[in-house]
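Next comes start_36.csv, a file with CSV, C-alpha atoms and all ligand atoms.
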chain,number,residue,atom,x,y,z
A,1,MET,CA,-39.3,-9.9,-5.2
A,2,ALA,CA,-42.9,-9.3,-6.4
A,3,GLU,CA,-45.2,-12.3,-6.9
A,4,LEU,CA,-46.3,-13.3,-10.4
A,5,PRO,CA,-49.5,-11.3,-11.1
A,6,LEU,CA,-52.4,-13.8,-11.7
A,7,PRO,CA,-55.7,-13.6,-13.5
A,8,VAL,CA,-58.8,-12.6,-11.5
A,9,ARG,CA,-62.0,-14.5,-12.4
A,10,ASP,CA,-65.1,-12.5,-13.3
A,11,ASP,CA,-68.4,-13.5,-14.9
A,12,LEU,CA,-67.1,-13.2,-18.4
A,13,ASN,CA,-63.8,-15.0,-18.1
A,14,ARG,CA,-64.8,-17.6,-15.5
A,15,ALA,CA,-65.4,-20.4,-18.0
A,16,TYR,CA,-61.9,-19.8,-19.5
A,17,TRP,CA,-60.1,-20.0,-16.1
A,18,ASP,CA,-62.2,-22.8,-14.7
A,19,GLY,CA,-61.6,-24.7,-17.9
A,20,ALA,CA,-57.8,-24.2,-17.6
A,21,GLN,CA,-58.0,-25.4,-14.1
A,22,ALA,CA,-59.5,-28.6,-15.5
A,23,GLU,CA,-56.7,-28.6,-18.1
A,24,LYS,CA,-59.2,-27.8,-20.9
A,25,LEU,CA,-59.0,-24.9,-23.3
A,26,VAL,CA,-62.5,-23.4,-23.1
A,27,ILE,CA,-63.8,-20.7,-25.5
A,28,LEU,CA,-67.2,-19.0,-25.6
A,29,ARG,CA,-69.2,-20.1,-28.6
A,30,CYS,CA,-72.4,-18.8,-30.1
A,31,PRO,CA,-75.2,-21.4,-30.4
A,32,ALA,CA,-76.9,-19.2,-33.1
A,33,CYS,CA,-74.1,-18.8,-35.6
A,34,GLN,CA,-71.4,-21.2,-34.2
A,35,ALA,CA,-68.8,-18.5,-34.0
A,36,TYR,CA,-66.2,-18.5,-31.2
A,37,THR,CA,-65.6,-15.2,-29.3
A,38,HIS,CA,-62.4,-14.5,-27.4
A,39,PRO,CA,-61.4,-12.6,-25.3
A,40,PRO,CA,-64.7,-13.4,-23.5
A,41,ARG,CA,-67.6,-11.0,-24.2
A,42,ALA,CA,-71.2,-10.8,-23.1
A,43,MET,CA,-72.4,-11.3,-26.7
A,44,CYS,CA,-71.3,-12.9,-30.0
A,45,THR,CA,-69.1,-10.5,-32.0
A,46,THR,CA,-70.5,-12.0,-35.2
A,47,CYS,CA,-74.3,-11.9,-34.7
A,48,TRP,CA,-74.8,-10.3,-31.3
A,49,HIS,CA,-76.5,-13.3,-29.7
A,50,GLU,CA,-76.3,-12.9,-26.0
A,51,GLU,CA,-76.1,-16.4,-24.6
A,52,LEU,CA,-72.7,-17.8,-25.4
A,53,VAL,CA,-71.8,-21.3,-24.4
A,54,PRO,CA,-68.4,-22.4,-23.0
A,55,THR,CA,-67.0,-24.9,-25.4
A,56,GLU,CA,-63.8,-27.0,-25.2
A,57,VAL,CA,-61.6,-26.5,-28.2
A,58,SER,CA,-58.8,-28.7,-29.6
A,59,GLY,CA,-55.9,-26.8,-28.0
A,60,ARG,CA,-54.2,-26.6,-31.4
A,61,GLY,CA,-53.3,-23.5,-33.3
A,62,THR,CA,-50.6,-21.7,-35.2
A,63,LEU,CA,-48.3,-18.9,-34.1
A,64,TYR,CA,-49.8,-15.5,-35.2
A,65,SER,CA,-47.1,-13.3,-33.5
A,66,TRP,CA,-44.8,-13.1,-30.5
A,67,SER,CA,-42.5,-11.0,-28.5
A,68,VAL,CA,-39.5,-11.9,-26.3
A,69,MET,CA,-39.3,-10.1,-23.0
A,70,HIS,CA,-35.8,-9.3,-21.6
A,71,SER,CA,-36.7,-6.3,-19.4
A,72,LYS,CA,-37.0,-6.5,-15.6
A,73,GLY,CA,-39.8,-3.9,-15.9
A,74,ASN,CA,-42.7,-6.2,-15.1
A,75,PRO,CA,-42.7,-7.1,-11.4
A,76,GLY,CA,-43.2,-10.8,-10.7
A,77,PHE,CA,-41.7,-12.0,-14.0
A,78,GLU,CA,-38.0,-11.6,-13.1
A,79,ASP,CA,-37.6,-15.4,-12.6
A,80,ARG,CA,-38.9,-16.1,-16.1
A,81,LEU,CA,-36.7,-13.8,-18.1
A,82,PRO,CA,-36.3,-14.1,-21.0
A,83,TYR,CA,-39.7,-15.3,-21.9
A,84,ALA,CA,-41.8,-15.3,-25.0
A,85,VAL,CA,-45.4,-13.9,-25.1
A,86,LEU,CA,-47.3,-15.5,-27.9
A,87,ILE,CA,-50.5,-14.8,-29.8
A,88,VAL,CA,-51.8,-18.1,-31.1
A,89,GLU,CA,-54.5,-18.4,-33.7
A,90,LEU,CA,-56.7,-21.3,-32.7
A,91,ALA,CA,-57.4,-24.1,-35.3
A,92,GLU,CA,-61.1,-23.7,-34.9
A,93,GLN,CA,-61.6,-20.3,-36.5
A,94,LYS,CA,-59.6,-17.7,-38.4
A,95,ASP,CA,-58.8,-14.6,-36.3
A,96,LEU,CA,-59.6,-16.5,-33.0
A,97,ARG,CA,-56.6,-15.7,-31.0
A,98,VAL,CA,-55.4,-16.3,-27.4
A,99,ILE,CA,-52.3,-15.1,-25.5
A,100,GLY,CA,-49.9,-17.2,-23.6
A,101,ASN,CA,-46.2,-17.9,-23.0
A,102,LEU,CA,-43.9,-20.3,-24.7
A,103,VAL,CA,-43.1,-23.3,-22.5
A,104,GLY,CA,-40.1,-25.5,-23.5
A,105,GLY,CA,-38.3,-24.8,-26.8
A,106,GLN,CA,-36.5,-21.6,-27.6
A,107,PRO,CA,-37.9,-18.3,-29.0
A,108,SER,CA,-35.4,-18.8,-31.8
A,109,ASP,CA,-37.4,-21.8,-32.9
A,110,LEU,CA,-40.5,-19.6,-33.4
A,111,ALA,CA,-41.8,-18.4,-36.8
A,112,ILE,CA,-45.1,-17.1,-37.9
A,113,GLY,CA,-47.3,-20.1,-38.7
A,114,THR,CA,-45.5,-22.5,-36.3
A,115,PRO,CA,-47.9,-25.2,-35.2
A,116,MET,CA,-48.6,-24.8,-31.5
A,117,GLN,CA,-50.2,-27.0,-28.8
A,118,VAL,CA,-51.7,-25.8,-25.5
A,119,VAL,CA,-50.2,-27.1,-22.3
A,120,PHE,CA,-51.3,-26.2,-18.8
A,121,GLU,CA,-49.1,-24.6,-16.1
A,122,LYS,CA,-50.6,-25.1,-12.6
A,123,VAL,CA,-49.5,-22.0,-10.6
A,124,ASN,CA,-51.5,-22.8,-7.4
A,125,GLU,CA,-54.7,-24.4,-6.3
A,126,ASP,CA,-56.9,-21.7,-8.0
A,127,ILE,CA,-55.0,-20.8,-11.1
A,128,THR,CA,-53.8,-22.8,-14.0
A,129,LEU,CA,-52.5,-21.0,-17.0
A,130,PRO,CA,-52.9,-22.1,-20.6
A,131,GLN,CA,-49.5,-22.0,-22.2
A,132,TRP,CA,-48.1,-23.1,-25.5
A,133,ARG,CA,-45.5,-25.6,-26.8
A,134,ILE,CA,-44.3,-26.0,-30.3
A,135,ALA,CA,-46.2,-28.9,-31.8
A,136,ALA,CA,-44.3,-31.6,-33.7
A,137,ALA,CA,-45.3,-32.3,-37.3
A,138,ASP,CA,-47.0,-35.5,-36.2
A,139,GLY,CA,-49.3,-33.6,-33.9
A,140,GLY,CA,-47.3,-34.4,-30.8
A,141,VAL,CA,-45.2,-32.0,-28.7
A,142,ARG,CA,-41.5,-31.6,-28.9
B,1,ZN,ZN,-73.3,-15.6,-33.2

As structure tokens:
Amino acid sequence: MAELPLPVRDDLNRAYWDGAQAEKLVILRCPACQAYTHPPRAMCTTCWHEELVPTEVSGRGTLYSWSVMHSKGNPGFEDRLPYAVLIVELAEQKDLRVIGNLVGGQPSDLAIGTPMQVVFEKVNEDITLPQWRIAAADGGVR
């Protein structure tokens, strides 16, 4: 069985993956206009400033969209079937979205706008994945 494909760090995404390894959700932020940019880019997508600063965010957001995978067509994911791939809009900024998987809960519990909370799945010594749980109404995790 194929191994789970894992992220490869590069100069742009290093702060995101290093942050995840430290169990922090880290997004590049522009010091000039304060906008967050994700996926990581070399410059601010709002004002084109070129020195973005890795910034820890709250790890809270709402479900923007999702899809449930049932197919064995993606090598390495067989053990996880079925699994939900989520697009979560972070609380810090409209249209600031990250991708992850649902951890705990059932895809049938999902609806657009569902409050979500980041959790961290340690895969090995080098890679920890930001994943998502449904957040309880009191801000906790259920
Ligand atoms: Zn900017």

Q | Residue nearest ligand ZN 1 (chain B) - candidates A:Thr37, A:Asn74, A:Gln117, A:Thr55, atoms counted: only C-alpha atoms and all ligand atoms | A | A:Thr37

Q: Measure the distance from CA of Gln131 (chain A) to CA of Pro40 (chain A) in Å and round it to one decimal.
A: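 Atom-to-atom, CA of Gln131 (chain A) and CA of Pro40 (chain A) are spaced 17.5 Å apart.
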
Q: For ligand ZN 1 (chain B), collect every residue having any atom at a distance of at most 7 Å from a ligand atom (counting only C-alpha atoms and all ligand atoms); output as a list of chain:residue names.
A: A:Cys30, A:Pro31, A:Ala32, A:Cys33, A:Gln34, A:Ala35, A:Cys44, A:Thr45, A:Thr46, A:Cys47, A:Trp48, A:His49

Q. In terms of the shortest atom-to-atom distance over all atoms listed in the file, which of A:Gly105, A:Gly100, A:Gly113, A:Gly73 is closest to Pro130 (chain A)?
A. A:Gly100

Q: Please identify all polymer residues lying at most 12 Å from the point (-41.5, -25.7, -20.9) (file coordinates), using all atoms listed in the file, and present the result as a list in words.
A: Arg80, Tyr83, Ala84, Asn101, Leu102, Val103, Gly104, Gly105, Gln106, Pro107, Gln117, Val118, Val119, Phe120, Glu121, Pro130, Gln131, Trp132, Arg133, Ile134, Val141 and Arg142 of chain A

Q: Tell me, in Å to one decimal, how far CA of Tyr64 (chain A) is from CA of Glu89 (chain A).
A: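 Pair CA of Tyr64 (chain A) / CA of Glu89 (chain A) returns 5.7 Å.
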
**Q.** Pick from A:Leu12, A:Leu4, A:Leu129, A:Leu110 nearest to Leu25 (chain A), counting all atoms listed in the file
**A.**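 Among the listed residues, A:Leu129 lies closest to Leu25 (chain A).
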
Q | Atom-to-atom span, CA of Lys94 (chain A) and CA of Gly61 (chain A), Å | A | 10.0 Å

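Nearest to Ala20 (chain A) of all the residues A:Ala111, A:Ala42, A:Val57, A:Leu96 is A:Val57, based on all atoms listed in the file.
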
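With distances taken over all atoms listed in the file, A:Leu28 is the one residue among A:Ala15, A:Leu63, A:Leu28, A:Val68 lying closest to Glu50 (chain A).
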
**Q.** Option closest in space to Ala91 (chain A), from A:Ala136, A:Val123, A:Ala2, A:Met116 [counting only C-alpha atoms]
**A.** A:Met116

Provide region 53-133 of chain A of the preceding structure as a file containing C-alpha atoms, as a PDB file, in the first residue's frame.
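out-v4.pdb, freshly written:
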ATOM      1  CA  VAL A  53       5.432  38.156   8.314  1.00  0.00           C
ATOM      2  CA  PRO A  54       4.477  34.690   9.625  1.00  0.00           C
ATOM      3  CA  THR A  55       1.696  35.330  12.142  1.00  0.00           C
ATOM      4  CA  GLU A  56      -0.111  32.919  14.435  1.00  0.00           C
ATOM      5  CA  VAL A  57      -3.885  33.033  13.991  1.00  0.00           C
ATOM      6  CA  SER A  58      -6.679  31.846  16.255  1.00  0.00           C
ATOM      7  CA  GLY A  59      -7.299  28.479  14.638  1.00  0.00           C
ATOM      8  CA  ARG A  60     -11.003  29.242  14.467  1.00  0.00           C
ATOM      9  CA  GLY A  61     -13.080  29.514  11.342  1.00  0.00           C
ATOM     10  CA  THR A  62     -16.210  28.441   9.573  1.00  0.00           C
ATOM     11  CA  LEU A  63     -16.770  25.754   6.987  1.00  0.00           C
ATOM     12  CA  TYR A  64     -16.754  27.262   3.504  1.00  0.00           C
ATOM     13  CA  SER A  65     -17.132  23.998   1.557  1.00  0.00           C
ATOM     14  CA  TRP A  66     -16.214  20.316   1.696  1.00  0.00           C
ATOM     15  CA  SER A  67     -16.165  17.072  -0.217  1.00  0.00           C
ATOM     16  CA  VAL A  68     -16.279  13.500   1.052  1.00  0.00           C
ATOM     17  CA  MET A  69     -13.836  11.107  -0.608  1.00  0.00           C
ATOM     18  CA  HIS A  70     -14.941   7.492  -1.073  1.00  0.00           C
ATOM     19  CA  SER A  71     -12.731   6.528  -4.032  1.00  0.00           C
ATOM     20  CA  LYS A  72      -9.553   4.457  -3.707  1.00  0.00           C
ATOM     21  CA  GLY A  73      -8.053   6.508  -6.547  1.00  0.00           C
ATOM     22  CA  ASN A  74      -5.602   8.450  -4.368  1.00  0.00           C
ATOM     23  CA  PRO A  75      -2.679   6.211  -3.302  1.00  0.00           C
ATOM     24  CA  GLY A  76      -1.853   6.529   0.402  1.00  0.00           C
ATOM     25  CA  PHE A  77      -5.325   7.531   1.496  1.00  0.00           C
ATOM     26  CA  GLU A  78      -6.893   4.039   1.463  1.00  0.00           C
ATOM     27  CA  ASP A  79      -6.797   3.692   5.261  1.00  0.00           C
ATOM     28  CA  ARG A  80      -8.639   6.969   5.704  1.00  0.00           C
ATOM     29  CA  LEU A  81     -11.657   6.299   3.504  1.00  0.00           C
ATOM     30  CA  PRO A  82     -14.150   7.808   3.645  1.00  0.00           C
ATOM     31  CA  TYR A  83     -12.689  11.159   4.634  1.00  0.00           C
ATOM     32  CA  ALA A  84     -13.835  14.751   4.285  1.00  0.00           C
ATOM     33  CA  VAL A  85     -11.659  17.436   2.689  1.00  0.00           C
ATOM     34  CA  LEU A  86     -12.633  20.831   4.040  1.00  0.00           C
ATOM     35  CA  ILE A  87     -12.154  24.407   2.994  1.00  0.00           C
ATOM     36  CA  VAL A  88     -12.290  26.512   6.148  1.00  0.00           C
ATOM     37  CA  GLU A  89     -12.583  30.292   6.103  1.00  0.00           C
ATOM     38  CA  LEU A  90     -10.473  31.613   8.959  1.00  0.00           C
ATOM     39  CA  ALA A  91     -12.032  33.949  11.507  1.00  0.00           C
ATOM     40  CA  GLU A  92      -9.343  36.586  10.911  1.00  0.00           C
ATOM     41  CA  GLN A  93     -10.356  37.643   7.404  1.00  0.00           C
ATOM     42  CA  LYS A  94     -13.085  37.139   4.835  1.00  0.00           C
ATOM     43  CA  ASP A  95     -11.966  34.905   1.946  1.00  0.00           C
ATOM     44  CA  LEU A  96      -8.899  33.697   3.884  1.00  0.00           C
ATOM     45  CA  ARG A  97      -9.223  29.947   3.455  1.00  0.00           C
ATOM     46  CA  VAL A  98      -7.206  26.864   4.303  1.00  0.00           C
ATOM     47  CA  ILE A  99      -7.661  23.216   3.364  1.00  0.00           C
ATOM     48  CA  GLY A 100      -7.610  20.266   5.745  1.00  0.00           C
ATOM     49  CA  ASN A 101      -9.436  17.103   6.692  1.00  0.00           C
ATOM     50  CA  LEU A 102     -12.246  16.581   9.169  1.00  0.00           C
ATOM     51  CA  VAL A 103     -11.015  14.863  12.343  1.00  0.00           C
ATOM     52  CA  GLY A 104     -13.649  13.345  14.608  1.00  0.00           C
ATOM     53  CA  GLY A 105     -17.319  13.873  13.891  1.00  0.00           C
ATOM     54  CA  GLN A 106     -19.093  12.700  10.793  1.00  0.00           C
ATOM     55  CA  PRO A 107     -19.343  14.366   7.395  1.00  0.00           C
ATOM     56  CA  SER A 108     -23.119  14.237   7.888  1.00  0.00           C
ATOM     57  CA  ASP A 109     -22.635  16.749  10.736  1.00  0.00           C
ATOM     58  CA  LEU A 110     -21.185  19.337   8.328  1.00  0.00           C
ATOM     59  CA  ALA A 111     -22.984  22.333   6.899  1.00  0.00           C
ATOM     60  CA  ILE A 112     -21.727  25.488   5.275  1.00  0.00           C
ATOM     61  CA  GLY A 113     -20.969  27.934   8.059  1.00  0.00           C
ATOM     62  CA  THR A 114     -20.292  25.257  10.693  1.00  0.00           C
ATOM     63  CA  PRO A 115     -17.869  26.648  13.306  1.00  0.00           C
ATOM     64  CA  MET A 116     -14.529  24.809  13.048  1.00  0.00           C
ATOM     65  CA  GLN A 117     -11.453  24.583  15.253  1.00  0.00           C
ATOM     66  CA  VAL A 118      -7.987  23.580  14.111  1.00  0.00           C
ATOM     67  CA  VAL A 119      -6.354  20.496  15.608  1.00  0.00           C
ATOM     68  CA  PHE A 120      -2.928  19.098  14.819  1.00  0.00           C
ATOM     69  CA  GLU A 121      -2.230  15.599  13.515  1.00  0.00           C
ATOM     70  CA  LYS A 122       1.391  14.591  14.032  1.00  0.00           C
ATOM     71  CA  VAL A 123       2.286  12.286  11.135  1.00  0.00           C
ATOM     72  CA  ASN A 124       6.017  11.895  11.888  1.00  0.00           C
ATOM     73  CA  GLU A 125       8.930  13.853  13.361  1.00  0.00           C
ATOM     74  CA  ASP A 126       8.955  16.336  10.475  1.00  0.00           C
ATOM     75  CA  ILE A 127       5.332  16.764   9.507  1.00  0.00           C
ATOM     76  CA  THR A 128       2.299  17.775  11.504  1.00  0.00           C
ATOM     77  CA  LEU A 129      -0.895  18.504   9.578  1.00  0.00           C
ATOM     78  CA  PRO A 130      -3.378  21.203  10.549  1.00  0.00           C
ATOM     79  CA  GLN A 131      -6.752  19.443  10.551  1.00  0.00           C
ATOM     80  CA  TRP A 132     -10.216  20.517  11.655  1.00  0.00           C
ATOM     81  CA  ARG A 133     -12.845  19.563  14.189  1.00  0.00           C
TER      82      ARG A 133
END
